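Novice: The structure that follows is given in the form of structure tokens.
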Amino acid sequence: MHLTKAPGHTAAVQADSALLSLQKGMTANADDLKFTYEGNASTENIWYYTFLPVTTYVLNETIIEALKGRNDPRLPVIAKPAAATGTYVGRRIGTLPAGNLSAYSFLNNFYGAAASSNYIFNYAEAVFIKAEAVFLKSGFAAAQPVYQHGINSNLHKLGIDTLSLAATTFVASRVLTNANALQRIMEEKAVANFLNPETFNDWRRTGYPALTQVTGALSAVPRRLLYPESELQSNEQPQQAGVTLTSRVWWDAQ
């Protein structure tokens with residue numbers, strides 16, 4: 001699916017290839033590829049280490065406000081309320097100083113406990129890949145049940161009753177149309193892929209979830225890494241000329 005807009009490729013062919021591969025792939029949340037951790041000293045989950053108070057990392061405003069804005073029932077599973085206020089508050093990158101860390105939300109235990117798992121590939125991601133492929137091939141109406149299954153699969157994994165009023169109301173509010181289908185599929189895929197860098201690739205090739213520059217940004221949102229100086233000096237190539245943080249890699253042909 002990375003190649004749906006790449007030179008020499010077509011969305012229809014890439015979608016067909018993805019759909020064929022998915023027939024041999026994950027079939028349930030139990031198939032998730034994840035690192036598991038004992039949670040004892042020196043065997044803690046990496047995200048537990050990342051969000052220890054000494055690091056001063058807290059959850060970002062973008063994810064917190066996105067979940068709040070659509071009444072997403074996963075918010076209290078993903079994040080803890082800020083200790084100082086009992087409300088969900090993310091910090092906007094670029095605002096200084098951080099101040100009292102208790103004013104912000106941290107990871108909750110599903111992702112952030114010492115013995116939590118670190119998800120590499122997950123079943124819901126596969127379902128959203130299928131939803132995108134079906135949309136490209138057959139339109140939003142055909143993609144709708146696949147997309148809803150992806151949401152419900154992720155809700156279930158996070159321990160949320162998919163038949164609860166909160167869950168059914170949320171899923172019913174996220175209906176696809178021809179105009180919003182790609183956006184909503186990518187938004188839900190991003191939540192299911194929380195903390196996974198694949199979301200960056202999805203944003204680069206689709207523009208979703210929509211991002212804005214952080215406070216004090218020196219450029220637009222970066223799209224790639226720069227060539228290191230050692231590479232420029234020892235292996236100079238024509239394609240290195242003029243590359244900036246906002247240049248597109250070859251398949252990023254939005």
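Convention: chains lettered A, B, ... in structure tokens order; per-chain residue numbering from 1; ligands numbered from 1 as shown.
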Do you know which residues are at most 12 Å from stretch 88-91 of chain A counting only C-alpha atoms, after dropping those on the same chain fewer than 4 positions away, and could you put them as a PyMOL selection string?
Specialist: chain A and resi 56-69+75-84+95-108+214-215
Novice: At a cut-off of 6 Å, using only C-alpha atoms, what residues contact stretch 33-41 of chain A? Leave out same-chain residues fewer than 3 positions from it and give the result as a list in words.
Specialist: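 Once the nearby chain positions are removed, what remains is Glu44, Asn45, Ala114, Ala115, Ser117, Asn118, Tyr119, Ile120 and Phe121 of chain A.
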Novice: So, with only C-alpha atoms as the atoms that count, which of A:Ser17, A:Thr85, A:Asn235, A:Asn71 lies closest to A:Ala167?
Specialist: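 Nearest candidate to A:Ala167 out of A:Ser17, A:Thr85, A:Asn235, A:Asn71: A:Asn71.
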Novice: Residues near A:Gln239, anyone? I mean within 12 Å using only C-alpha atoms, not counting same-chain ones fewer than 6 positions away, as a list in words.
Specialist: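 The residues satisfying every condition are Leu226, Tyr227, Leu232, Ser247, Arg248, Val249 and Trp250 of chain A.
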Novice: Using only all heavy atoms, please write the residues we just selected to a file, as a short mmCIF file (atom, residue, chain, number, x, y, z; two decimals), in the first residue's frame.
Specialist:
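Generated file (again_19.cif):
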data_model
loop_
_atom_site.label_atom_id
_atom_site.label_comp_id
_atom_site.auth_asym_id
_atom_site.auth_seq_id
_atom_site.Cartn_x
_atom_site.Cartn_y
_atom_site.Cartn_z
N LEU A 226 17.53 13.69 6.39
CA LEU A 226 18.54 14.22 5.49
C LEU A 226 19.65 13.18 5.28
O LEU A 226 19.88 12.31 6.12
CB LEU A 226 19.15 15.49 6.07
CG LEU A 226 18.20 16.67 6.26
CD1 LEU A 226 18.94 17.82 6.93
CD2 LEU A 226 17.61 17.12 4.93
N TYR A 227 20.35 13.28 4.14
CA TYR A 227 21.54 12.46 3.97
C TYR A 227 22.59 12.91 4.98
O TYR A 227 22.82 14.12 5.15
CB TYR A 227 22.11 12.62 2.56
CG TYR A 227 21.27 11.96 1.49
CD1 TYR A 227 20.46 12.72 0.65
CD2 TYR A 227 21.32 10.58 1.29
CE1 TYR A 227 19.69 12.12 -0.34
CE2 TYR A 227 20.56 9.98 0.30
CZ TYR A 227 19.74 10.75 -0.51
OH TYR A 227 18.99 10.15 -1.49
N LEU A 232 27.43 12.38 2.08
CA LEU A 232 27.63 13.42 1.06
C LEU A 232 29.10 13.55 0.68
O LEU A 232 29.44 13.82 -0.48
CB LEU A 232 27.11 14.76 1.57
CG LEU A 232 25.59 14.84 1.84
CD1 LEU A 232 25.25 16.18 2.46
CD2 LEU A 232 24.80 14.62 0.56
N SER A 247 11.50 17.35 1.56
CA SER A 247 11.51 16.65 0.27
C SER A 247 10.78 15.32 0.40
O SER A 247 10.76 14.71 1.48
CB SER A 247 12.95 16.39 -0.19
OG SER A 247 13.66 17.60 -0.35
N ARG A 248 10.22 14.86 -0.70
CA ARG A 248 9.49 13.59 -0.69
C ARG A 248 10.41 12.44 -1.12
O ARG A 248 11.18 12.59 -2.06
CB ARG A 248 8.29 13.67 -1.63
CG ARG A 248 7.24 14.68 -1.21
CD ARG A 248 6.16 14.79 -2.26
NE ARG A 248 5.20 15.85 -1.93
CZ ARG A 248 4.06 15.64 -1.27
NH1 ARG A 248 3.74 14.43 -0.88
NH2 ARG A 248 3.25 16.63 -1.00
N VAL A 249 10.29 11.29 -0.45
CA VAL A 249 10.96 10.09 -0.93
C VAL A 249 10.20 9.60 -2.16
O VAL A 249 9.10 10.05 -2.46
CB VAL A 249 11.02 9.00 0.16
CG1 VAL A 249 11.90 9.45 1.31
CG2 VAL A 249 9.62 8.63 0.65
N TRP A 250 10.78 8.65 -2.89
CA TRP A 250 10.28 8.32 -4.23
C TRP A 250 8.84 7.85 -4.25
O TRP A 250 8.11 8.10 -5.22
CB TRP A 250 11.19 7.29 -4.88
CG TRP A 250 11.16 5.93 -4.23
CD1 TRP A 250 11.89 5.53 -3.15
CD2 TRP A 250 10.36 4.83 -4.62
NE1 TRP A 250 11.58 4.23 -2.83
CE2 TRP A 250 10.66 3.77 -3.74
CE3 TRP A 250 9.44 4.60 -5.65
CZ2 TRP A 250 10.06 2.52 -3.82
CZ3 TRP A 250 8.84 3.36 -5.74
CH2 TRP A 250 9.14 2.34 -4.85
#
Novice: As a PyMOL selection string, list the residues of stretch 15-202 of chain A assigned to strand (DSSP E) by DSSP on the backbone atoms of this structure.
Specialist: chain A and resi 33-35+118-121
Novice: How would the residues just picked look written out with all heavy atoms as an mmCIF file, in the first residue's frame?
Specialist:
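Okay, part.cif is ready:
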data_model
loop_
_atom_site.group_PDB
_atom_site.id
_atom_site.type_symbol
_atom_site.label_atom_id
_atom_site.label_comp_id
_atom_site.auth_asym_id
_atom_site.auth_seq_id
_atom_site.Cartn_x
_atom_site.Cartn_y
_atom_site.Cartn_z
ATOM 1 N N LEU A 33 1.736 -9.403 16.519
ATOM 2 C CA LEU A 33 3.161 -9.555 16.778
ATOM 3 C C LEU A 33 3.558 -8.503 17.799
ATOM 4 O O LEU A 33 3.406 -7.304 17.553
ATOM 5 C CB LEU A 33 3.965 -9.365 15.494
ATOM 6 C CG LEU A 33 5.495 -9.353 15.659
ATOM 7 C CD1 LEU A 33 6.006 -10.672 16.206
ATOM 8 C CD2 LEU A 33 6.176 -9.014 14.337
ATOM 9 N N LYS A 34 4.051 -8.943 18.941
ATOM 10 C CA LYS A 34 4.359 -8.005 20.019
ATOM 11 C C LYS A 34 5.540 -8.508 20.834
ATOM 12 O O LYS A 34 5.804 -9.716 20.914
ATOM 13 C CB LYS A 34 3.144 -7.821 20.928
ATOM 14 C CG LYS A 34 2.652 -9.122 21.567
ATOM 15 C CD LYS A 34 1.349 -8.926 22.326
ATOM 16 C CE LYS A 34 0.864 -10.231 22.941
ATOM 17 N NZ LYS A 34 -0.422 -10.070 23.645
ATOM 18 N N PHE A 35 6.260 -7.552 21.394
ATOM 19 C CA PHE A 35 7.267 -7.883 22.394
ATOM 20 C C PHE A 35 6.564 -7.917 23.750
ATOM 21 O O PHE A 35 5.834 -6.992 24.106
ATOM 22 C CB PHE A 35 8.370 -6.829 22.431
ATOM 23 C CG PHE A 35 9.318 -6.876 21.276
ATOM 24 C CD1 PHE A 35 9.739 -5.713 20.670
ATOM 25 C CD2 PHE A 35 9.806 -8.082 20.800
ATOM 26 C CE1 PHE A 35 10.623 -5.730 19.603
ATOM 27 C CE2 PHE A 35 10.695 -8.118 19.731
ATOM 28 C CZ PHE A 35 11.103 -6.942 19.131
ATOM 29 N N ASN A 118 4.660 -4.396 23.803
ATOM 30 C CA ASN A 118 4.985 -3.408 22.771
ATOM 31 C C ASN A 118 4.562 -4.008 21.431
ATOM 32 O O ASN A 118 5.143 -5.000 20.968
ATOM 33 C CB ASN A 118 6.481 -3.115 22.797
ATOM 34 C CG ASN A 118 6.873 -2.012 21.841
ATOM 35 O OD1 ASN A 118 6.037 -1.427 21.156
ATOM 36 N ND2 ASN A 118 8.161 -1.733 21.771
ATOM 37 N N TYR A 119 3.549 -3.425 20.804
ATOM 38 C CA TYR A 119 2.960 -3.998 19.595
ATOM 39 C C TYR A 119 3.735 -3.556 18.348
ATOM 40 O O TYR A 119 3.932 -2.374 18.111
ATOM 41 C CB TYR A 119 1.494 -3.601 19.490
ATOM 42 C CG TYR A 119 0.652 -4.247 20.566
ATOM 43 C CD1 TYR A 119 0.522 -3.665 21.825
ATOM 44 C CD2 TYR A 119 0.037 -5.469 20.343
ATOM 45 C CE1 TYR A 119 -0.214 -4.276 22.831
ATOM 46 C CE2 TYR A 119 -0.699 -6.091 21.340
ATOM 47 C CZ TYR A 119 -0.825 -5.492 22.578
ATOM 48 O OH TYR A 119 -1.550 -6.108 23.574
ATOM 49 N N ILE A 120 4.141 -4.530 17.542
ATOM 50 C CA ILE A 120 4.913 -4.271 16.331
ATOM 51 C C ILE A 120 3.981 -4.275 15.109
ATOM 52 O O ILE A 120 3.909 -3.311 14.370
ATOM 53 C CB ILE A 120 6.030 -5.315 16.163
ATOM 54 C CG1 ILE A 120 6.830 -5.460 17.464
ATOM 55 C CG2 ILE A 120 6.934 -4.930 14.992
ATOM 56 C CD1 ILE A 120 7.404 -4.163 18.002
ATOM 57 N N PHE A 121 3.302 -5.381 14.882
ATOM 58 C CA PHE A 121 2.230 -5.461 13.887
ATOM 59 C C PHE A 121 0.993 -5.973 14.604
ATOM 60 O O PHE A 121 1.092 -6.880 15.441
ATOM 61 C CB PHE A 121 2.580 -6.425 12.747
ATOM 62 C CG PHE A 121 3.835 -6.070 12.012
ATOM 63 C CD1 PHE A 121 4.957 -6.877 12.103
ATOM 64 C CD2 PHE A 121 3.899 -4.944 11.210
ATOM 65 C CE1 PHE A 121 6.123 -6.565 11.426
ATOM 66 C CE2 PHE A 121 5.055 -4.618 10.533
ATOM 67 C CZ PHE A 121 6.172 -5.426 10.633
#
Novice: Quick check, in Å to one decimal: how far apart do atom CA of A:Pro7 and atom CA of A:Ala253 lie?
Specialist: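 Atom-to-atom, atom CA of A:Pro7 and atom CA of A:Ala253 are spaced 7.8 Å apart.
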Novice: Pick out the residues sitting within 10 Å of stretch 122-124 of chain A, and hand them over as a PyMOL selection string; count only C-alpha atoms, and ignore anything fewer than 4 positions along from it in its own chain.
Specialist: chain A and resi 25-34+128-130+147+149-155+157+188-189+191-193
Novice: What lies within 12 Å of A:Gln213 using only C-alpha atoms, ignoring chain neighbours under 5 positions off, as a PyMOL selection string?
Specialist: chain A and resi 62+92-94+218-222
Novice: So that I have them on file, write out the residues from the current selection with N, CA and C atoms, as an mmCIF file, in the first residue's frame.
Specialist:
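Output contents, as saved in selection-v6.cif:
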data_model
loop_
_atom_site.group_PDB
_atom_site.id
_atom_site.type_symbol
_atom_site.label_atom_id
_atom_site.label_comp_id
_atom_site.auth_asym_id
_atom_site.auth_seq_id
_atom_site.Cartn_x
_atom_site.Cartn_y
_atom_site.Cartn_z
ATOM 1 N N THR A 62 -1.924 16.590 20.502
ATOM 2 C CA THR A 62 -2.598 16.147 19.283
ATOM 3 C C THR A 62 -3.433 14.904 19.525
ATOM 4 N N ARG A 92 1.400 20.654 24.206
ATOM 5 C CA ARG A 92 1.717 21.056 22.834
ATOM 6 C C ARG A 92 3.218 21.202 22.682
ATOM 7 N N ILE A 93 3.778 20.473 21.732
ATOM 8 C CA ILE A 93 5.212 20.540 21.484
ATOM 9 C C ILE A 93 5.606 21.968 21.117
ATOM 10 N N GLY A 94 6.716 22.425 21.693
ATOM 11 C CA GLY A 94 7.223 23.754 21.382
ATOM 12 C C GLY A 94 6.859 24.802 22.407
ATOM 13 N N LEU A 218 10.655 25.328 12.721
ATOM 14 C CA LEU A 218 11.566 25.994 11.798
ATOM 15 C C LEU A 218 11.279 25.623 10.348
ATOM 16 N N SER A 219 10.364 24.668 10.130
ATOM 17 C CA SER A 219 9.997 24.271 8.775
ATOM 18 C C SER A 219 8.612 23.645 8.822
ATOM 19 N N ALA A 220 8.087 23.289 7.674
ATOM 20 C CA ALA A 220 6.870 22.494 7.623
ATOM 21 C C ALA A 220 7.152 21.122 8.237
ATOM 22 N N VAL A 221 6.123 20.310 8.412
ATOM 23 C CA VAL A 221 6.308 18.993 9.024
ATOM 24 C C VAL A 221 7.298 18.183 8.186
ATOM 25 N N PRO A 222 8.371 17.657 8.775
ATOM 26 C CA PRO A 222 9.370 16.907 8.004
ATOM 27 C C PRO A 222 8.766 15.675 7.340
#
Novice: List the neighbours of stretch 178-181 of chain A out to 10 Å using only C-alpha atoms; skip same-chain residues closer than 2 positions along the sequence, and give me the result as a ChimeraX atom specification.
Specialist: /A:131-132,135-136,139-141,143-144,147,174-176,183-187
Novice: Enter the distance from atom CA of A:Arg204 to atom CA of A:Ala190, in Å, rounded to one decimal.
Specialist: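 So the two atoms, atom CA of A:Arg204 and atom CA of A:Ala190, lie 12.8 Å apart.
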